[in-house]
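Undergrad: Sharing a structure with you now.
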Amino acid sequence: MDTRRFESLVLQAIQELPPAFLERMDNLDIVVEDWASPNQLIGSGIEEKESLLGLYEGIPLPDRYDYNLVLPDKITLFKKAIESICDTDDEIVTEVRATVVHEIAHHFGIDDHALHEMGIY
């Protein structure tokens, strides 16, 4: 899948979020890269670049105190990693949506354990 189409899927997934979430997202950039960098892998605790589909880097909303004049938090979706686990374009659409929701949940302070308990991850 070409990068432009992949980025449009990311934008679509963001636009499909409930308005209450969109209104509360603050100081957040969402970008697409092919693969995670070595530093991103180390920071995530994941060793295989194929296994890291997305990454939230920043200070979750509930943990912010005296938060001003800082660089935006960052969510990165890893295009090649997502493509590597999908066999069809429809699977890519589904995985992009799931990864966007997962990483935005981290922005709201929801960890992997809580996502699992909610049946989201």
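Naming works like this for the structure tokens: A, B, ... for the chains as they're shown, residue 1 at the start of each chain, ligands 1 onward in shown order.
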What are the nearest atom pairs, with distances in Å to one decimal, for all residues of region 15-45 of chain A that come at most 10 Å from region 1-7 of chain A, using only C-alpha atoms, set out by chain and rising residue number as a Markdown table?
TA:
```
| residue | atom | partner | partner_atom | distance |
| --- | --- | --- | --- | --- |
| A:Ile30 | CA | A:Glu7 | CA | 9.9 |
| A:Val31 | CA | A:Glu7 | CA | 8.3 |
| A:Val32 | CA | A:Glu7 | CA | 6.9 |
| A:Glu33 | CA | A:Thr3 | CA | 9.2 |
| A:Asp34 | CA | A:Thr3 | CA | 9.0 |
```
Undergrad: Residues near Val10 (chain A), anyone? I mean within 8 Å using only C-alpha atoms, not counting same-chain ones fewer than 4 positions away, as a CSV table (one decimal) with N, CA, C and O atoms, in the first residue's frame.
TA:
```csv
chain,number,residue,atom,x,y,z
A,6,PHE,N,-2.1,4.9,3.1
A,6,PHE,CA,-2.0,4.5,4.5
A,6,PHE,C,-2.2,5.7,5.4
A,6,PHE,O,-3.0,5.6,6.4
A,14,ILE,N,-8.8,8.4,12.9
A,14,ILE,CA,-8.9,9.5,13.9
A,14,ILE,C,-10.2,10.2,13.8
A,14,ILE,O,-10.9,10.5,14.8
A,96,VAL,N,-5.0,-0.6,11.3
A,96,VAL,CA,-4.7,0.8,11.5
A,96,VAL,C,-5.7,1.4,12.5
A,96,VAL,O,-5.3,2.1,13.4
A,97,ARG,N,-6.9,1.1,12.3
A,97,ARG,CA,-8.0,1.6,13.2
A,97,ARG,C,-7.7,1.1,14.7
A,97,ARG,O,-7.7,1.9,15.6
A,100,VAL,N,-4.5,2.9,16.0
A,100,VAL,CA,-4.8,4.3,16.4
A,100,VAL,C,-5.5,4.4,17.7
A,100,VAL,O,-5.2,5.2,18.6
```
Undergrad: Taking the backbone alone, and naming residues the way the document does, which bits of chain A are helix (DSSP H, G or I) by DSSP, as a PyMOL selection string?
TA: chain A and resi 3-15+19-24+38-44+49-51+61-63+79-84+89-107+112-117
Undergrad: Which polymer residues have any atom within 10 Å of an atom of His106 (chain A), counting only C-alpha atoms, with same-chain residues fewer than 6 positions away left out, as a list in words?
TA: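 Listing them by chain and then by number gives Leu55, Tyr56, Glu57, Gly58, Ile59, Pro60, Leu61, Ile75, Asp112 and Leu115 of chain A.
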Undergrad: May I have the residues from that selection written out with N, CA, C and O atoms, as an mmCIF file, in the first residue's frame?
TA:
```cif
data_model
loop_
_atom_site.group_PDB
_atom_site.id
_atom_site.type_symbol
_atom_site.label_atom_id
_atom_site.label_comp_id
_atom_site.auth_asym_id
_atom_site.auth_seq_id
_atom_site.Cartn_x
_atom_site.Cartn_y
_atom_site.Cartn_z
ATOM 1 N N LEU A 55 3.388 3.420 18.570
ATOM 2 C CA LEU A 55 4.073 3.822 19.796
ATOM 3 C C LEU A 55 3.601 5.205 20.221
ATOM 4 O O LEU A 55 3.572 6.140 19.417
ATOM 5 N N TYR A 56 3.227 5.312 21.496
ATOM 6 C CA TYR A 56 2.899 6.607 22.096
ATOM 7 C C TYR A 56 4.104 7.057 22.904
ATOM 8 O O TYR A 56 4.613 6.313 23.753
ATOM 9 N N GLU A 57 4.558 8.273 22.639
ATOM 10 C CA GLU A 57 5.672 8.854 23.384
ATOM 11 C C GLU A 57 5.213 10.204 23.919
ATOM 12 O O GLU A 57 4.880 11.103 23.150
ATOM 13 N N GLY A 58 5.165 10.321 25.228
ATOM 14 C CA GLY A 58 4.749 11.586 25.804
ATOM 15 C C GLY A 58 4.294 11.434 27.231
ATOM 16 O O GLY A 58 4.558 10.427 27.888
ATOM 17 N N ILE A 59 3.581 12.442 27.687
ATOM 18 C CA ILE A 59 3.034 12.459 29.045
ATOM 19 C C ILE A 59 1.520 12.344 28.920
ATOM 20 O O ILE A 59 0.867 13.240 28.380
ATOM 21 N N PRO A 60 0.946 11.233 29.396
ATOM 22 C CA PRO A 60 -0.508 11.063 29.289
ATOM 23 C C PRO A 60 -1.264 12.204 29.976
ATOM 24 O O PRO A 60 -0.780 12.799 30.951
ATOM 25 N N LEU A 61 -2.438 12.491 29.468
ATOM 26 C CA LEU A 61 -3.228 13.605 29.990
ATOM 27 C C LEU A 61 -3.393 13.590 31.508
ATOM 28 O O LEU A 61 -3.220 14.635 32.142
ATOM 29 N N ILE A 75 2.450 10.104 18.564
ATOM 30 C CA ILE A 75 2.029 8.744 18.254
ATOM 31 C C ILE A 75 2.598 8.433 16.879
ATOM 32 O O ILE A 75 2.398 9.188 15.931
ATOM 33 N N ASP A 112 -1.872 -0.843 28.849
ATOM 34 C CA ASP A 112 -2.186 -2.093 28.144
ATOM 35 C C ASP A 112 -3.046 -3.024 28.994
ATOM 36 O O ASP A 112 -3.949 -3.681 28.474
ATOM 37 N N LEU A 115 -6.584 -1.780 28.873
ATOM 38 C CA LEU A 115 -7.129 -2.038 27.539
ATOM 39 C C LEU A 115 -7.531 -3.494 27.403
ATOM 40 O O LEU A 115 -8.587 -3.817 26.845
#
```
Undergrad: Name the residues in contact with Leu53 (chain A) at a cut-off of 10 Å, using only C-alpha atoms, excluding same-chain residues fewer than 2 positions from it; report them as a short mmCIF file (atom, residue, chain, number, x, y, z; two decimals) with N, CA, C and O atoms, in the first residue's frame.
TA:
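Written out: selection06.cif:
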```cif
data_model
loop_
_atom_site.label_atom_id
_atom_site.label_comp_id
_atom_site.auth_asym_id
_atom_site.auth_seq_id
_atom_site.Cartn_x
_atom_site.Cartn_y
_atom_site.Cartn_z
N ASP A 34 7.97 4.03 8.42
CA ASP A 34 7.99 2.66 7.93
C ASP A 34 8.23 1.67 9.07
O ASP A 34 7.49 0.70 9.24
N TRP A 35 9.28 1.88 9.84
CA TRP A 35 9.68 0.99 10.93
C TRP A 35 10.06 1.82 12.15
O TRP A 35 10.44 2.98 12.04
N ALA A 36 10.04 1.19 13.30
CA ALA A 36 10.51 1.83 14.53
C ALA A 36 12.02 1.99 14.47
O ALA A 36 12.73 1.14 13.93
N LYS A 49 11.42 -5.29 15.35
CA LYS A 49 10.76 -4.13 14.76
C LYS A 49 9.44 -4.50 14.09
O LYS A 49 8.54 -3.68 14.00
N GLU A 50 9.29 -5.74 13.67
CA GLU A 50 8.06 -6.20 13.05
C GLU A 50 6.92 -6.28 14.05
O GLU A 50 5.75 -6.31 13.67
N SER A 51 7.24 -6.33 15.33
CA SER A 51 6.22 -6.48 16.38
C SER A 51 5.69 -5.17 16.91
O SER A 51 4.68 -5.16 17.61
N LEU A 55 3.39 3.42 18.57
CA LEU A 55 4.07 3.82 19.80
C LEU A 55 3.60 5.20 20.22
O LEU A 55 3.57 6.14 19.42
N THR A 76 3.31 7.32 16.79
CA THR A 76 3.85 6.87 15.51
C THR A 76 3.21 5.55 15.15
O THR A 76 3.17 4.63 15.98
N LEU A 77 2.70 5.47 13.94
CA LEU A 77 2.22 4.20 13.40
C LEU A 77 3.28 3.70 12.43
O LEU A 77 3.76 4.47 11.60
N PHE A 78 3.61 2.43 12.55
CA PHE A 78 4.68 1.86 11.74
C PHE A 78 4.08 1.06 10.58
O PHE A 78 3.61 -0.07 10.74
N LYS A 79 4.10 1.70 9.42
CA LYS A 79 3.45 1.19 8.22
C LYS A 79 3.91 -0.20 7.84
O LYS A 79 3.11 -1.11 7.62
N LYS A 80 5.20 -0.40 7.71
CA LYS A 80 5.73 -1.69 7.26
C LYS A 80 5.44 -2.79 8.28
O LYS A 80 5.19 -3.93 7.91
N ALA A 81 5.47 -2.46 9.55
CA ALA A 81 5.17 -3.44 10.58
C ALA A 81 3.70 -3.87 10.49
O ALA A 81 3.39 -5.07 10.57
N ILE A 82 2.81 -2.91 10.31
CA ILE A 82 1.39 -3.24 10.18
C ILE A 82 1.17 -4.07 8.92
O ILE A 82 0.48 -5.09 8.95
N GLU A 83 1.79 -3.66 7.83
CA GLU A 83 1.63 -4.42 6.58
C GLU A 83 2.17 -5.84 6.72
O GLU A 83 1.62 -6.78 6.13
N SER A 84 3.21 -6.01 7.51
CA SER A 84 3.84 -7.34 7.65
C SER A 84 2.94 -8.36 8.33
O SER A 84 3.14 -9.56 8.17
N ILE A 85 1.95 -7.90 9.10
CA ILE A 85 1.07 -8.85 9.78
C ILE A 85 -0.29 -8.97 9.09
O ILE A 85 -1.14 -9.72 9.55
N GLU A 95 -6.38 -3.06 11.15
CA GLU A 95 -5.24 -2.93 12.06
C GLU A 95 -4.87 -1.48 12.30
O GLU A 95 -4.51 -1.10 13.42
N VAL A 96 -4.96 -0.64 11.28
CA VAL A 96 -4.69 0.79 11.46
C VAL A 96 -5.67 1.36 12.47
O VAL A 96 -5.28 2.07 13.41
N THR A 99 -4.81 0.12 15.96
CA THR A 99 -3.56 0.70 16.47
C THR A 99 -3.76 2.17 16.85
O THR A 99 -3.26 2.62 17.89
N VAL A 100 -4.50 2.91 16.04
CA VAL A 100 -4.79 4.31 16.37
C VAL A 100 -5.53 4.38 17.71
O VAL A 100 -5.16 5.15 18.61
N GLU A 103 -3.15 3.49 20.68
CA GLU A 103 -2.16 4.52 21.03
C GLU A 103 -2.83 5.78 21.59
O GLU A 103 -2.30 6.40 22.52
#
```
Undergrad: Got a sec: who's within 12 Å of Leu22 (chain A), counting only C-alpha atoms, leaving out chain neighbours fewer than 2 positions off, as a short mmCIF file (atom, residue, chain, number, x, y, z; two decimals) with N, CA, C and O atoms, in the first residue's frame?
TA:
```cif
data_model
loop_
_atom_site.label_atom_id
_atom_site.label_comp_id
_atom_site.auth_asym_id
_atom_site.auth_seq_id
_atom_site.Cartn_x
_atom_site.Cartn_y
_atom_site.Cartn_z
N ALA A 13 -9.30 6.90 10.66
CA ALA A 13 -9.46 6.29 11.99
C ALA A 13 -9.57 7.36 13.07
O ALA A 13 -10.36 7.22 14.01
N ILE A 14 -8.80 8.43 12.92
CA ILE A 14 -8.87 9.53 13.90
C ILE A 14 -10.23 10.22 13.81
O ILE A 14 -10.87 10.49 14.83
N GLN A 15 -10.68 10.49 12.62
CA GLN A 15 -11.97 11.17 12.42
C GLN A 15 -13.15 10.35 12.91
O GLN A 15 -14.20 10.90 13.22
N GLU A 16 -13.00 9.03 12.99
CA GLU A 16 -14.07 8.16 13.46
C GLU A 16 -14.16 8.08 14.98
O GLU A 16 -15.10 7.50 15.51
N LEU A 17 -13.19 8.68 15.68
CA LEU A 17 -13.25 8.69 17.14
C LEU A 17 -14.43 9.53 17.61
O LEU A 17 -14.82 10.49 16.95
N PRO A 18 -14.99 9.19 18.76
CA PRO A 18 -16.09 10.00 19.29
C PRO A 18 -15.63 11.45 19.51
O PRO A 18 -14.49 11.69 19.93
N PRO A 19 -16.51 12.42 19.24
CA PRO A 19 -16.14 13.83 19.43
C PRO A 19 -15.59 14.15 20.81
O PRO A 19 -14.69 14.98 20.94
N ALA A 20 -16.10 13.48 21.83
CA ALA A 20 -15.61 13.76 23.19
C ALA A 20 -14.12 13.46 23.31
O ALA A 20 -13.40 14.15 24.05
N ARG A 24 -10.74 16.39 23.57
CA ARG A 24 -9.82 16.34 24.71
C ARG A 24 -8.38 16.05 24.33
O ARG A 24 -7.48 16.21 25.15
N MET A 25 -8.15 15.59 23.10
CA MET A 25 -6.77 15.34 22.68
C MET A 25 -6.03 16.67 22.68
O MET A 25 -6.53 17.67 22.16
N ASP A 26 -4.85 16.68 23.28
CA ASP A 26 -4.15 17.94 23.48
C ASP A 26 -2.65 17.77 23.23
O ASP A 26 -2.02 16.86 23.77
N ASN A 27 -2.12 18.68 22.40
CA ASN A 27 -0.68 18.74 22.14
C ASN A 27 -0.15 17.37 21.70
O ASN A 27 0.73 16.79 22.33
N LEU A 28 -0.71 16.87 20.61
CA LEU A 28 -0.43 15.52 20.15
C LEU A 28 -0.22 15.52 18.64
O LEU A 28 -1.06 16.02 17.89
N VAL A 101 -6.57 3.58 17.87
CA VAL A 101 -7.34 3.59 19.12
C VAL A 101 -6.45 3.20 20.30
O VAL A 101 -6.49 3.85 21.36
N ILE A 104 -3.98 6.14 21.08
CA ILE A 104 -4.70 7.29 21.64
C ILE A 104 -5.17 6.98 23.06
O ILE A 104 -5.18 7.87 23.93
N ALA A 105 -5.51 5.74 23.33
CA ALA A 105 -5.86 5.35 24.70
C ALA A 105 -4.69 5.63 25.64
O ALA A 105 -4.90 6.11 26.76
N HIS A 107 -2.55 8.01 25.30
CA HIS A 107 -2.56 9.46 25.47
C HIS A 107 -3.51 9.86 26.61
O HIS A 107 -3.27 10.81 27.34
N PHE A 108 -4.59 9.09 26.76
CA PHE A 108 -5.57 9.35 27.81
C PHE A 108 -5.21 8.64 29.12
O PHE A 108 -5.99 8.65 30.07
#
```
Undergrad: To one decimal place, how far is CA of Gly54 (chain A) from CA of Val70 (chain A) in Å?
TA: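 One can read the CA of Gly54 (chain A) to CA of Val70 (chain A) distance as 22.0 Å.
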Undergrad: Out of chain A, which residues get strand (DSSP E) from DSSP, as a list in words?
TA: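 Reading the DSSP output for chain A, strand (DSSP E) covers Leu28, Asp29, Ile30, Val31, Val32, Glu33, Gly54, Leu55, Tyr56, Glu57, Asp73, Lys74, Ile75, Thr76, Leu77 and Phe78 of chain A.
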Undergrad: Can you spit out the residues from that selection as an mmCIF file, in the first residue's frame, using N, CA, C and O atoms?
TA:
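To be explicit, this is the file written out as result36.cif:
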```
data_model
loop_
_atom_site.group_PDB
_atom_site.id
_atom_site.type_symbol
_atom_site.label_atom_id
_atom_site.label_comp_id
_atom_site.auth_asym_id
_atom_site.auth_seq_id
_atom_site.Cartn_x
_atom_site.Cartn_y
_atom_site.Cartn_z
ATOM 1 N N LEU A 28 -0.714 16.870 20.611
ATOM 2 C CA LEU A 28 -0.427 15.521 20.147
ATOM 3 C C LEU A 28 -0.223 15.516 18.635
ATOM 4 O O LEU A 28 -1.058 16.024 17.892
ATOM 5 N N ASP A 29 0.895 14.953 18.195
ATOM 6 C CA ASP A 29 1.163 14.731 16.777
ATOM 7 C C ASP A 29 1.018 13.240 16.492
ATOM 8 O O ASP A 29 1.438 12.405 17.303
ATOM 9 N N ILE A 30 0.459 12.929 15.334
ATOM 10 C CA ILE A 30 0.344 11.544 14.902
ATOM 11 C C ILE A 30 1.043 11.441 13.553
ATOM 12 O O ILE A 30 0.712 12.183 12.623
ATOM 13 N N VAL A 31 2.027 10.545 13.485
ATOM 14 C CA VAL A 31 2.854 10.430 12.286
ATOM 15 C C VAL A 31 2.940 8.974 11.846
ATOM 16 O O VAL A 31 2.634 8.056 12.608
ATOM 17 N N VAL A 32 3.380 8.793 10.602
ATOM 18 C CA VAL A 32 3.584 7.465 10.036
ATOM 19 C C VAL A 32 5.054 7.326 9.663
ATOM 20 O O VAL A 32 5.622 8.205 9.022
ATOM 21 N N GLU A 33 5.658 6.230 10.087
ATOM 22 C CA GLU A 33 7.016 5.865 9.698
ATOM 23 C C GLU A 33 6.962 4.436 9.173
ATOM 24 O O GLU A 33 6.028 3.693 9.480
ATOM 25 N N GLY A 54 2.687 0.424 16.691
ATOM 26 C CA GLY A 54 2.481 1.829 17.017
ATOM 27 C C GLY A 54 3.143 2.138 18.335
ATOM 28 O O GLY A 54 3.421 1.236 19.133
ATOM 29 N N LEU A 55 3.388 3.420 18.570
ATOM 30 C CA LEU A 55 4.073 3.822 19.796
ATOM 31 C C LEU A 55 3.601 5.205 20.221
ATOM 32 O O LEU A 55 3.572 6.140 19.417
ATOM 33 N N TYR A 56 3.227 5.312 21.496
ATOM 34 C CA TYR A 56 2.899 6.607 22.096
ATOM 35 C C TYR A 56 4.104 7.057 22.904
ATOM 36 O O TYR A 56 4.613 6.313 23.753
ATOM 37 N N GLU A 57 4.558 8.273 22.639
ATOM 38 C CA GLU A 57 5.672 8.854 23.384
ATOM 39 C C GLU A 57 5.213 10.204 23.919
ATOM 40 O O GLU A 57 4.880 11.103 23.150
ATOM 41 N N ASP A 73 3.269 15.543 22.414
ATOM 42 C CA ASP A 73 3.367 14.093 22.520
ATOM 43 C C ASP A 73 3.322 13.566 21.091
ATOM 44 O O ASP A 73 2.876 14.253 20.173
ATOM 45 N N LYS A 74 3.744 12.326 20.916
ATOM 46 C CA LYS A 74 3.828 11.780 19.562
ATOM 47 C C LYS A 74 3.306 10.352 19.529
ATOM 48 O O LYS A 74 3.677 9.529 20.369
ATOM 49 N N ILE A 75 2.450 10.104 18.564
ATOM 50 C CA ILE A 75 2.029 8.744 18.254
ATOM 51 C C ILE A 75 2.598 8.433 16.879
ATOM 52 O O ILE A 75 2.398 9.188 15.931
ATOM 53 N N THR A 76 3.305 7.317 16.791
ATOM 54 C CA THR A 76 3.848 6.875 15.511
ATOM 55 C C THR A 76 3.209 5.548 15.154
ATOM 56 O O THR A 76 3.169 4.630 15.980
ATOM 57 N N LEU A 77 2.697 5.466 13.941
ATOM 58 C CA LEU A 77 2.220 4.197 13.396
ATOM 59 C C LEU A 77 3.275 3.697 12.432
ATOM 60 O O LEU A 77 3.763 4.467 11.595
ATOM 61 N N PHE A 78 3.611 2.427 12.547
ATOM 62 C CA PHE A 78 4.676 1.857 11.741
ATOM 63 C C PHE A 78 4.078 1.061 10.579
ATOM 64 O O PHE A 78 3.614 -0.068 10.739
#
```
Undergrad: Looking at A:Ala98, A:Glu117, A:Ile110, A:Pro38, which one is nearest to Asp63 (chain A), with distances taken over only C-alpha atoms?
TA: A:Ile110
